[in-house]
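> What follows is data.tsv, TSV, C-alpha atoms and all ligand atoms.
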chain	number	residue	atom	x	y	z
C	1	MET	CA	31.65	-7.15	7.34
C	2	PRO	CA	35.05	-5.83	6.11
C	3	VAL	CA	36.46	-2.96	8.19
C	4	THR	CA	37.57	0.01	6.07
C	5	PHE	CA	39.23	3.19	7.36
C	6	ILE	CA	39.38	6.34	5.22
C	7	THR	CA	41.26	9.52	6.06
C	8	GLY	CA	40.06	12.86	4.67
C	9	ALA	CA	36.50	11.55	4.57
C	10	SER	CA	34.60	14.71	5.59
C	11	THR	CA	34.23	15.92	1.96
C	12	GLY	CA	35.05	15.06	-1.65
C	13	ILE	CA	36.44	11.68	-2.72
C	14	GLY	CA	36.85	10.39	0.85
C	15	ALA	CA	33.23	11.12	1.82
C	16	ALA	CA	31.88	9.60	-1.42
C	17	LEU	CA	34.05	6.51	-0.94
C	18	ALA	CA	32.81	6.09	2.65
C	19	VAL	CA	29.19	6.09	1.44
C	20	GLU	CA	30.07	3.72	-1.45
C	21	PHE	CA	31.62	1.25	1.00
C	22	GLY	CA	28.53	1.70	3.21
C	23	CYS	CA	26.42	0.54	0.22
C	24	ARG	CA	28.73	-2.47	-0.08
C	25	GLY	CA	28.13	-3.45	3.55
C	26	HIS	CA	31.46	-2.42	5.08
C	27	LYS	CA	32.10	-1.15	8.57
C	28	VAL	CA	33.55	2.26	7.73
C	29	GLY	CA	35.80	4.28	10.05
C	30	ILE	CA	36.28	7.86	8.91
C	31	ILE	CA	38.81	10.49	9.93
C	32	ALA	CA	39.25	14.22	9.20
C	33	ARG	CA	39.52	17.39	11.29
C	34	ARG	CA	35.85	18.52	11.18
C	35	PRO	CA	33.67	16.29	13.42
C	36	GLU	CA	30.37	17.88	12.35
C	37	LEU	CA	30.97	16.92	8.72
C	38	LEU	CA	32.18	13.44	9.73
C	39	ALA	CA	28.96	12.92	11.73
C	40	GLU	CA	26.95	13.79	8.60
C	41	VAL	CA	28.96	11.37	6.41
C	42	ALA	CA	28.63	8.64	9.10
C	43	LYS	CA	24.83	9.06	8.96
C	44	GLN	CA	24.92	8.62	5.17
C	45	VAL	CA	27.08	5.48	5.50
C	46	GLU	CA	24.56	3.96	7.90
C	47	ALA	CA	21.61	5.01	5.72
C	48	ALA	CA	23.32	3.22	2.81
C	49	GLY	CA	23.46	-0.03	4.82
C	50	GLY	CA	26.94	0.10	6.40
C	51	LYS	CA	28.09	0.61	9.97
C	52	ALA	CA	30.03	3.79	10.69
C	53	ALA	CA	32.28	5.33	13.33
C	54	TYR	CA	34.27	8.52	13.15
C	55	ALA	CA	37.16	10.19	14.92
C	56	ALA	CA	38.36	13.76	14.42
C	57	ALA	CA	42.12	14.09	13.99
C	58	ASP	CA	44.74	16.04	12.13
C	59	VAL	CA	46.62	13.36	10.16
C	60	THR	CA	49.83	15.42	10.24
C	61	ARG	CA	49.99	14.78	14.03
C	62	ARG	CA	51.19	11.23	14.35
C	63	SER	CA	50.04	10.53	17.91
C	64	ASP	CA	46.58	12.13	17.35
C	65	LEU	CA	46.09	9.98	14.25
C	66	ALA	CA	47.25	6.81	16.04
C	67	GLU	CA	44.75	7.58	18.83
C	68	ALA	CA	41.94	8.12	16.31
C	69	ILE	CA	42.73	4.83	14.56
C	70	ALA	CA	42.89	2.97	17.90
C	71	SER	CA	39.46	4.40	18.80
C	72	LEU	CA	37.99	3.28	15.44
C	73	GLU	CA	39.51	-0.21	15.86
C	74	ALA	CA	37.97	-0.44	19.35
C	75	GLN	CA	34.55	0.37	17.85
C	76	LEU	CA	34.69	-1.52	14.53
C	77	GLY	CA	37.46	-4.14	14.85
C	78	PRO	CA	40.91	-4.41	13.25
C	79	CYS	CA	41.36	-2.51	10.00
C	80	ASP	CA	41.13	-4.69	6.85
C	81	LEU	CA	41.47	-1.84	4.36
C	82	LEU	CA	43.05	1.58	4.82
C	83	VAL	CA	42.50	4.33	2.26
C	84	ALA	CA	44.91	7.18	3.09
C	85	ASN	CA	43.09	9.88	1.17
C	86	ALA	CA	43.51	13.20	3.04
C	87	GLY	CA	45.41	15.61	0.83
C	88	ILE	CA	45.67	19.22	-0.35
C	89	GLY	CA	46.94	21.05	-3.38
C	90	GLU	CA	47.84	24.66	-4.04
C	91	PRO	CA	49.85	26.41	-6.75
C	92	THR	CA	53.61	26.38	-6.17
C	93	PRO	CA	55.20	28.08	-9.21
C	94	ALA	CA	59.00	27.82	-9.04
C	95	GLN	CA	59.52	31.52	-9.82
C	96	LYS	CA	57.94	32.38	-6.43
C	97	ALA	CA	60.22	29.93	-4.52
C	98	PRO	CA	57.13	28.79	-2.56
C	99	ILE	CA	58.93	26.81	0.15
C	100	GLU	CA	56.29	27.24	2.91
C	101	ALA	CA	53.47	26.15	0.58
C	102	ILE	CA	55.44	23.08	-0.47
C	103	GLU	CA	56.13	22.23	3.18
C	104	ARG	CA	52.38	22.44	3.91
C	105	ILE	CA	51.66	20.06	1.03
C	106	LEU	CA	54.38	17.60	2.07
C	107	ASP	CA	53.17	17.60	5.67
C	108	LEU	CA	49.71	16.40	4.68
C	109	ASN	CA	50.22	14.51	1.39
C	110	VAL	CA	53.37	12.67	2.47
C	111	ARG	CA	53.57	12.67	6.29
C	112	GLY	CA	49.78	12.20	6.68
C	113	VAL	CA	49.91	9.13	4.41
C	114	LEU	CA	52.96	7.69	6.18
C	115	TYR	CA	51.42	8.14	9.63
C	116	ALA	CA	48.15	6.47	8.55
C	117	ILE	CA	50.02	3.51	7.06
C	118	GLY	CA	52.24	3.31	10.14
C	119	ALA	CA	49.20	3.06	12.42
C	120	VAL	CA	47.65	0.00	10.73
C	121	LEU	CA	50.44	-1.85	8.91
C	122	PRO	CA	52.05	-3.62	11.92
C	123	GLY	CA	48.65	-5.17	12.79
C	124	MET	CA	48.09	-6.28	9.19
C	125	VAL	CA	51.55	-7.84	8.93
C	126	ALA	CA	50.99	-9.66	12.25
C	127	ARG	CA	47.59	-10.95	11.05
C	128	LYS	CA	49.05	-11.72	7.58
C	129	SER	CA	46.06	-10.01	5.99
C	130	GLY	CA	44.98	-6.55	5.00
C	131	HIS	CA	45.07	-3.93	2.29
C	132	ILE	CA	46.81	-0.55	2.21
C	133	ALA	CA	45.77	2.08	-0.35
C	134	ALA	CA	46.44	5.77	-0.77
C	135	VAL	CA	44.92	8.37	-3.04
C	136	SER	CA	47.82	9.63	-5.11
C	137	SER	CA	47.22	11.32	-8.49
C	138	VAL	CA	48.09	11.25	-12.18
C	139	ALA	CA	49.79	14.57	-11.27
C	140	GLY	CA	52.61	12.41	-9.89
C	141	PHE	CA	53.32	10.76	-13.26
C	142	ARG	CA	55.41	13.77	-14.44
C	143	GLY	CA	56.38	17.13	-12.97
C	144	LEU	CA	53.44	19.39	-13.84
C	145	PRO	CA	54.01	23.15	-14.26
C	146	GLY	CA	52.96	25.50	-11.46
C	147	THR	CA	52.21	22.64	-9.05
C	148	GLY	CA	55.61	21.07	-8.39
C	149	GLY	CA	54.89	20.69	-4.67
C	150	TYR	CA	51.69	18.70	-5.32
C	151	SER	CA	53.11	16.72	-8.27
C	152	ALA	CA	56.20	15.71	-6.29
C	153	SER	CA	54.15	14.75	-3.20
C	154	LYS	CA	52.05	12.39	-5.33
C	155	ALA	CA	55.14	10.94	-7.08
C	156	TYR	CA	56.47	10.17	-3.61
C	157	VAL	CA	53.27	8.38	-2.57
C	158	THR	CA	53.01	6.33	-5.79
C	159	THR	CA	56.65	5.25	-5.64
C	160	LEU	CA	56.51	4.43	-1.92
C	161	LEU	CA	53.41	2.28	-2.47
C	162	GLU	CA	55.09	0.44	-5.32
C	163	SER	CA	58.05	-0.47	-3.10
C	164	PHE	CA	55.74	-1.49	-0.24
C	165	ARG	CA	53.67	-3.59	-2.64
C	166	VAL	CA	56.74	-5.63	-3.55
C	167	ASP	CA	57.93	-5.86	0.08
C	168	LEU	CA	54.52	-7.13	1.20
C	169	LYS	CA	53.92	-9.46	-1.75
C	170	ARG	CA	54.04	-12.74	0.17
C	171	LYS	CA	52.91	-11.29	3.50
C	172	GLY	CA	49.16	-11.33	2.84
C	173	VAL	CA	48.91	-7.51	2.62
C	174	ALA	CA	47.85	-5.93	-0.70
C	175	VAL	CA	48.90	-2.41	-1.71
C	176	THR	CA	47.07	-0.11	-4.13
C	177	SER	CA	47.97	3.26	-5.60
C	178	ILE	CA	44.86	5.25	-6.57
C	179	ASN	CA	45.61	7.83	-9.27
C	180	PRO	CA	42.58	9.93	-10.23
C	181	GLY	CA	42.51	12.62	-12.88
C	182	PHE	CA	40.26	15.66	-12.21
C	183	ILE	CA	37.37	14.93	-9.82
C	184	GLU	CA	34.66	17.44	-8.88
C	185	THR	CA	35.43	18.21	-5.19
C	186	PRO	CA	36.12	21.25	-2.97
C	187	LEU	CA	39.82	20.80	-3.90
C	188	THR	CA	39.21	21.39	-7.62
C	189	SER	CA	36.31	23.85	-7.23
C	190	VAL	CA	38.82	26.72	-6.89
C	191	ASN	CA	40.67	25.88	-10.14
C	192	LYS	CA	40.35	28.62	-12.75
C	193	PHE	CA	41.80	26.52	-15.59
C	194	PRO	CA	40.05	23.94	-17.80
C	195	MET	CA	39.92	20.45	-16.24
C	196	PRO	CA	39.66	17.83	-19.00
C	197	PHE	CA	37.58	14.68	-18.33
C	198	LEU	CA	36.31	16.10	-14.99
C	199	MET	CA	34.39	13.36	-13.15
C	200	LYS	CA	31.70	13.41	-10.41
C	201	THR	CA	32.75	12.08	-6.98
C	202	ASP	CA	30.14	9.29	-6.77
C	203	ARG	CA	31.35	7.83	-10.09
C	204	ALA	CA	34.97	8.13	-8.96
C	205	ALA	CA	34.08	6.38	-5.68
C	206	ARG	CA	32.51	3.45	-7.57
C	207	ILE	CA	35.60	3.06	-9.76
C	208	ILE	CA	37.90	3.19	-6.71
C	209	ALA	CA	35.80	0.71	-4.69
C	210	ASP	CA	35.63	-1.72	-7.68
C	211	GLY	CA	39.42	-1.59	-8.09
C	212	LEU	CA	40.02	-2.03	-4.36
C	213	GLU	CA	37.69	-5.05	-4.23
C	214	ARG	CA	39.85	-6.61	-6.95
C	215	ARG	CA	42.98	-5.68	-4.92
C	216	ARG	CA	44.42	-3.96	-8.00
C	217	ALA	CA	47.99	-2.65	-7.73
C	218	GLU	CA	46.96	0.59	-9.44
C	219	ILE	CA	43.65	2.34	-10.08
C	220	THR	CA	44.17	5.11	-12.63
C	221	PHE	CA	41.18	6.87	-14.18
C	222	PRO	CA	39.35	8.32	-16.14
C	223	LEU	CA	40.64	6.23	-19.06
C	224	PRO	CA	41.45	9.15	-21.41
C	225	MET	CA	43.50	10.83	-18.64
C	226	LYS	CA	45.24	7.53	-17.88
C	227	LEU	CA	46.22	7.16	-21.56
C	228	LEU	CA	47.32	10.79	-21.81
C	229	MET	CA	49.49	10.73	-18.69
C	230	ASN	CA	51.00	7.32	-19.48
C	231	PHE	CA	51.89	8.71	-22.92
C	232	ALA	CA	53.41	11.81	-21.27
C	233	ARG	CA	55.67	9.50	-19.24
C	234	LEU	CA	57.15	8.14	-22.49
C	235	LEU	CA	58.03	11.54	-23.99
C	236	PRO	CA	61.65	12.73	-24.01
C	237	ASN	CA	62.22	15.80	-21.81
C	238	TRP	CA	62.62	18.24	-24.73
C	239	LEU	CA	59.26	17.25	-26.21
C	240	TYR	CA	57.48	17.08	-22.84
C	241	ASP	CA	58.78	20.58	-21.95
C	242	LEU	CA	57.68	22.01	-25.29
C	243	ILE	CA	54.13	20.59	-25.14
C	244	ILE	CA	53.48	21.15	-21.44
C	245	HIS	CA	54.83	24.72	-21.47
C	246	ARG	CA	52.47	25.62	-24.35
C	247	ALA	CA	49.51	23.96	-22.60
C	248	SER	CA	50.29	25.32	-19.14
C	249	PRO	CA	47.60	27.64	-17.68
C	250	MET	CA	50.23	29.06	-15.28
C	251	LYS	CA	52.79	30.64	-17.65
O	301	LIG	N1	39.83	16.22	-6.76
O	301	LIG	C1	40.72	15.82	-7.66
O	301	LIG	O1	40.67	16.17	-8.86
O	301	LIG	C2	41.83	14.91	-7.24
O	301	LIG	C3	42.59	14.30	-8.23
O	301	LIG	C4	43.63	13.46	-7.88
O	301	LIG	C5	43.87	13.20	-6.55
O	301	LIG	N2	43.12	13.81	-5.59
O	301	LIG	C6	43.44	13.51	-4.19
O	301	LIG	O2	42.29	13.03	-3.56
O	301	LIG	C7	42.38	13.26	-2.17
O	301	LIG	C8	41.07	13.86	-1.67
O	301	LIG	O3	40.92	15.13	-2.26
O	301	LIG	P1	39.51	15.75	-2.65
O	301	LIG	O4	39.62	16.21	-4.04
O	301	LIG	O5	38.40	14.86	-2.24
O	301	LIG	O6	39.56	17.08	-1.77
O	301	LIG	P2	38.71	17.61	-0.52
O	301	LIG	O7	37.26	17.46	-0.76
O	301	LIG	O8	39.28	18.94	-0.22
O	301	LIG	O9	39.09	16.58	0.64
O	301	LIG	C9	40.22	16.67	1.44
O	301	LIG	C10	39.94	15.93	2.73
O	301	LIG	O10	41.14	15.92	3.51
O	301	LIG	C11	40.80	16.34	4.82
O	301	LIG	N3	41.95	16.99	5.43
O	301	LIG	C12	42.61	18.11	5.02
O	301	LIG	N4	43.61	18.40	5.86
O	301	LIG	C13	43.58	17.43	6.82
O	301	LIG	C14	44.36	17.19	7.98
O	301	LIG	N5	45.39	17.97	8.30
O	301	LIG	N6	44.04	16.12	8.76
O	301	LIG	C15	43.00	15.32	8.44
O	301	LIG	N7	42.25	15.49	7.35
O	301	LIG	C16	42.53	16.54	6.56
O	301	LIG	C17	39.62	17.30	4.66
O	301	LIG	O11	38.83	17.34	5.83
O	301	LIG	P3	38.96	18.39	7.03
O	301	LIG	O12	39.18	19.73	6.40
O	301	LIG	O13	37.66	18.23	7.73
O	301	LIG	O14	40.11	17.92	7.85
O	301	LIG	C18	38.85	16.57	3.56
O	301	LIG	O15	38.07	15.55	4.13
O	301	LIG	C19	43.60	14.16	-1.97
O	301	LIG	O16	44.71	13.38	-1.56
O	301	LIG	C20	43.84	14.72	-3.36
O	301	LIG	O17	45.18	15.08	-3.57
O	301	LIG	C21	42.11	14.65	-5.90
Now that the file is in, can you turn its structure into structure tokens?
Ligand SMILES: NC(=O)c1ccc[n+]([C@@H]2O[C@H](COP(=O)([O-])OP(=O)(O)OC[C@H]3O[C@@H](n4cnc5c(N)ncnc54)[C@H](OP(=O)(O)O)[C@@H]3O)[C@@H](O)[C@H]2O)c1

Amino acid sequence: MPVTFITGASTGIGAALAVEFGCRGHKVGIIARRPELLAEVAKQVEAAGGKAAYAAADVTRRSDLAEAIASLEAQLGPCDLLVANAGIGEPTPAQKAPIEAIERILDLNVRGVLYAIGAVLPGMVARKSGHIAAVSSVAGFRGLPGTGGYSASKAYVTTLLESFRVDLKRKGVAVTSINPGFIETPLTSVNKFPMPFLMKTDRAARIIADGLERRRAEITFPLPMKLLMNFARLLPNWLYDLIIHRASPMK
């Protein structure tokens, strides 16, 4: 049974992915801050046919996270696949100079991912096997208006994973950047603007698990959002600014 650890698995994409891996017969170790929700997700993983263990931790606290991961490894065995998924988003329009909000986002979306990778990567490198993945976002493909803090945090994660992927190429450790578009979760439930191609979490979890099983370098979906954001990456700045400013819900 492969051993898969997922951070931010008490709700949303992380919880759905835990259950999906349960269906696929994995031993699933889940981490988030709320133990009562983790216990519920662990029950669903086991009902789906997997084995589950959970540990409550704040992933922005490096030693707490390392302790949680050590406890999961003691219960389930060494981690074969890490999905660093815990993340937040909130508006950070430049005109408000939202430095504290951006710091909050960086703490979780960047530090939380780094600490999770740091806790399992040395073991994987020593064993010459394993798989590191993080849930980034298509929001990292270009600087999106009104959410610079979130967009930049995801650009950081995607770029870091790309470098690590190359570094680890002949070391037996695969690296995957997961870049969803809009998924129906507590994170997006507060959005007041239209969310094109919005997808249900269970469908997103199936797509992510399929891509991870194939050890893909990148899992970007839904397809129309992937095409749109890849196209946006090709636009010159003047044209990107013109289109995105018109379309922005946060003018
Ligand atoms: N939903 C989307 O449209 C979308 C699109 C692209 C990318 N993403 C990314 O997908 C990931 C999951 O988001 P989601 O949409 O599933 O949102 P969500 O339902 O709000 O899930 C966030 C998860 O992170 C956990 N978390 C938050 N702060 C934490 C902390 N300090 N320490 C440990 N765990 C913490 C939460 O659990 P606790 O509160 O119990 O700790 C929860 O399990 C995020 O990285 C997000 O940026 C989402």
> Starting from 6 Å padding per side, set up an axis-aligned box that covers all listed atoms of region 41-59 of chain C and hand over centre and edge lengths in Å, one decimal, as AutoDock Vina command-line options.

--center_x 34.1 --center_y 8.0 --center_z 8.9 --size_x 37.0 --size_y 28.1 --size_z 24.1
> Applying 9 Å and only C-alpha atoms, which residues near Val157 (chain C) remain after dropping the ones on its own chain fewer than 4 positions away? List them as number ranges by chain.
C: 109-110, 113-114, 134-137, 140, 152-153, 161-162, 177
> Taking all atoms listed in the file into account, name the residue in C:Ala57, C:Ile183, C:Ala217, C:Ile178 that is nearest to Thr201 (chain C).
C:Ile183
> Near Ala174 (chain C), within 8 Å and counting all atoms listed in the file, which residues show up once chain neighbours fewer than 3 positions away are dropped, as a list in words?
Gly130, His131, Ile132, Arg165, Leu168, Lys169, Arg215 and Ala217 of chain C
> Can you measure CA of Thr92 (chain C) to CA of Leu234 (chain C) for me? One decimal in Å is fine.
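One can read the CA of Thr92 (chain C) to CA of Leu234 (chain C) distance as 24.7 Å.
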> Could I get the residue neighbourhood of ligand LIG 301 (chain O) at 6 Å, counting only C-alpha atoms and all ligand atoms, as a ChimeraX atom specification?
/C:8-14,32-34,57-60,85-88,108,135-137,180-188
> Hey, can you spit out that residue selection with C-alpha atoms as a PDB file, keeping the file's coordinate frame?

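As written to disk, selection_16.pdb reads:
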ATOM      1  CA  GLY C   8      40.060  12.860   4.670  1.00  0.00           C
ATOM      2  CA  ALA C   9      36.500  11.550   4.570  1.00  0.00           C
ATOM      3  CA  SER C  10      34.600  14.710   5.590  1.00  0.00           C
ATOM      4  CA  THR C  11      34.230  15.920   1.960  1.00  0.00           C
ATOM      5  CA  GLY C  12      35.050  15.060  -1.650  1.00  0.00           C
ATOM      6  CA  ILE C  13      36.440  11.680  -2.720  1.00  0.00           C
ATOM      7  CA  GLY C  14      36.850  10.390   0.850  1.00  0.00           C
ATOM      8  CA  ALA C  32      39.250  14.220   9.200  1.00  0.00           C
ATOM      9  CA  ARG C  33      39.520  17.390  11.290  1.00  0.00           C
ATOM     10  CA  ARG C  34      35.850  18.520  11.180  1.00  0.00           C
ATOM     11  CA  ALA C  57      42.120  14.090  13.990  1.00  0.00           C
ATOM     12  CA  ASP C  58      44.740  16.040  12.130  1.00  0.00           C
ATOM     13  CA  VAL C  59      46.620  13.360  10.160  1.00  0.00           C
ATOM     14  CA  THR C  60      49.830  15.420  10.240  1.00  0.00           C
ATOM     15  CA  ASN C  85      43.090   9.880   1.170  1.00  0.00           C
ATOM     16  CA  ALA C  86      43.510  13.200   3.040  1.00  0.00           C
ATOM     17  CA  GLY C  87      45.410  15.610   0.830  1.00  0.00           C
ATOM     18  CA  ILE C  88      45.670  19.220  -0.350  1.00  0.00           C
ATOM     19  CA  LEU C 108      49.710  16.400   4.680  1.00  0.00           C
ATOM     20  CA  VAL C 135      44.920   8.370  -3.040  1.00  0.00           C
ATOM     21  CA  SER C 136      47.820   9.630  -5.110  1.00  0.00           C
ATOM     22  CA  SER C 137      47.220  11.320  -8.490  1.00  0.00           C
ATOM     23  CA  PRO C 180      42.580   9.930 -10.230  1.00  0.00           C
ATOM     24  CA  GLY C 181      42.510  12.620 -12.880  1.00  0.00           C
ATOM     25  CA  PHE C 182      40.260  15.660 -12.210  1.00  0.00           C
ATOM     26  CA  ILE C 183      37.370  14.930  -9.820  1.00  0.00           C
ATOM     27  CA  GLU C 184      34.660  17.440  -8.880  1.00  0.00           C
ATOM     28  CA  THR C 185      35.430  18.210  -5.190  1.00  0.00           C
ATOM     29  CA  PRO C 186      36.120  21.250  -2.970  1.00  0.00           C
ATOM     30  CA  LEU C 187      39.820  20.800  -3.900  1.00  0.00           C
ATOM     31  CA  THR C 188      39.210  21.390  -7.620  1.00  0.00           C
TER      32      THR C 188
END
> So which one's closest to Ile117 (chain C), C:Phe5, C:Phe21, C:Phe141, C:Tyr156? Using only C-alpha atoms, please.
C:Phe5
> So, counting all atoms listed in the file, which residue among C:Leu198, C:Val173, C:Val138, C:Val28 is closest to Asn230 (chain C)?
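Nearest candidate to Asn230 (chain C) out of C:Leu198, C:Val173, C:Val138, C:Val28: C:Val138.
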> List every protein, DNA or RNA residue that has an atom no more than 12 Å from (50.3, -5.0, 7.7) in the file's coordinate frame, counting all atoms listed in the file, and report them as JSON, numbers by chain.
{"C": [78, 79, 80, 81, 82, 116, 117, 118, 119, 120, 121, 122, 123, 124, 125, 126, 127, 128, 129, 130, 131, 132, 133, 164, 165, 167, 168, 169, 170, 171, 172, 173, 174, 175]}
> Please indicate the distance in Å from CA of Arg62 (chain C) to CA of Arg111 (chain C), rounded to one decimal place.
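Taking CA of Arg62 (chain C) as the start and CA of Arg111 (chain C) as the end point, the length is 8.5 Å.
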> Counting only C-alpha atoms, which residue out of C:Ala94, C:Leu76, C:Ala39, C:Ile244 sits closest to Ala15 (chain C)?
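Looking at the shortest contact to Ala15 (chain C), the residue is C:Ala39.
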> Any idea what the distance is between CA of Gly50 (chain C) and CA of Pro222 (chain C)?
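One can read the CA of Gly50 (chain C) to CA of Pro222 (chain C) distance as 27.0 Å.
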> Skip Gly146 (chain C) itself and residues of its chain fewer than 5 positions away, then list as a list in words all residues within 12 Å of it, counting all atoms listed in the file.
Gly89, Glu90, Pro91, Thr92, Pro93, Ala94, Gln95, Lys96, Ala97, Pro98, Ile102, Ala139, Ser151, Ala152, Phe193, Ile244, His245, Ala247, Ser248, Pro249, Met250 and Lys251 of chain C
> Looking at only C-alpha atoms, which of C:Ile31, C:Leu212, C:Leu17, C:Ala47 is the one that sits closest to Ala66 (chain C)?
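With only C-alpha atoms as the atom set, the closest residue is C:Ile31.
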> Counting all atoms listed in the file, figure out which residue out of C:Ala42, C:Glu36, C:Gly149, C:Leu72 gets nearest to Glu100 (chain C).
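With all atoms listed in the file as the atom set, the closest residue is C:Gly149.
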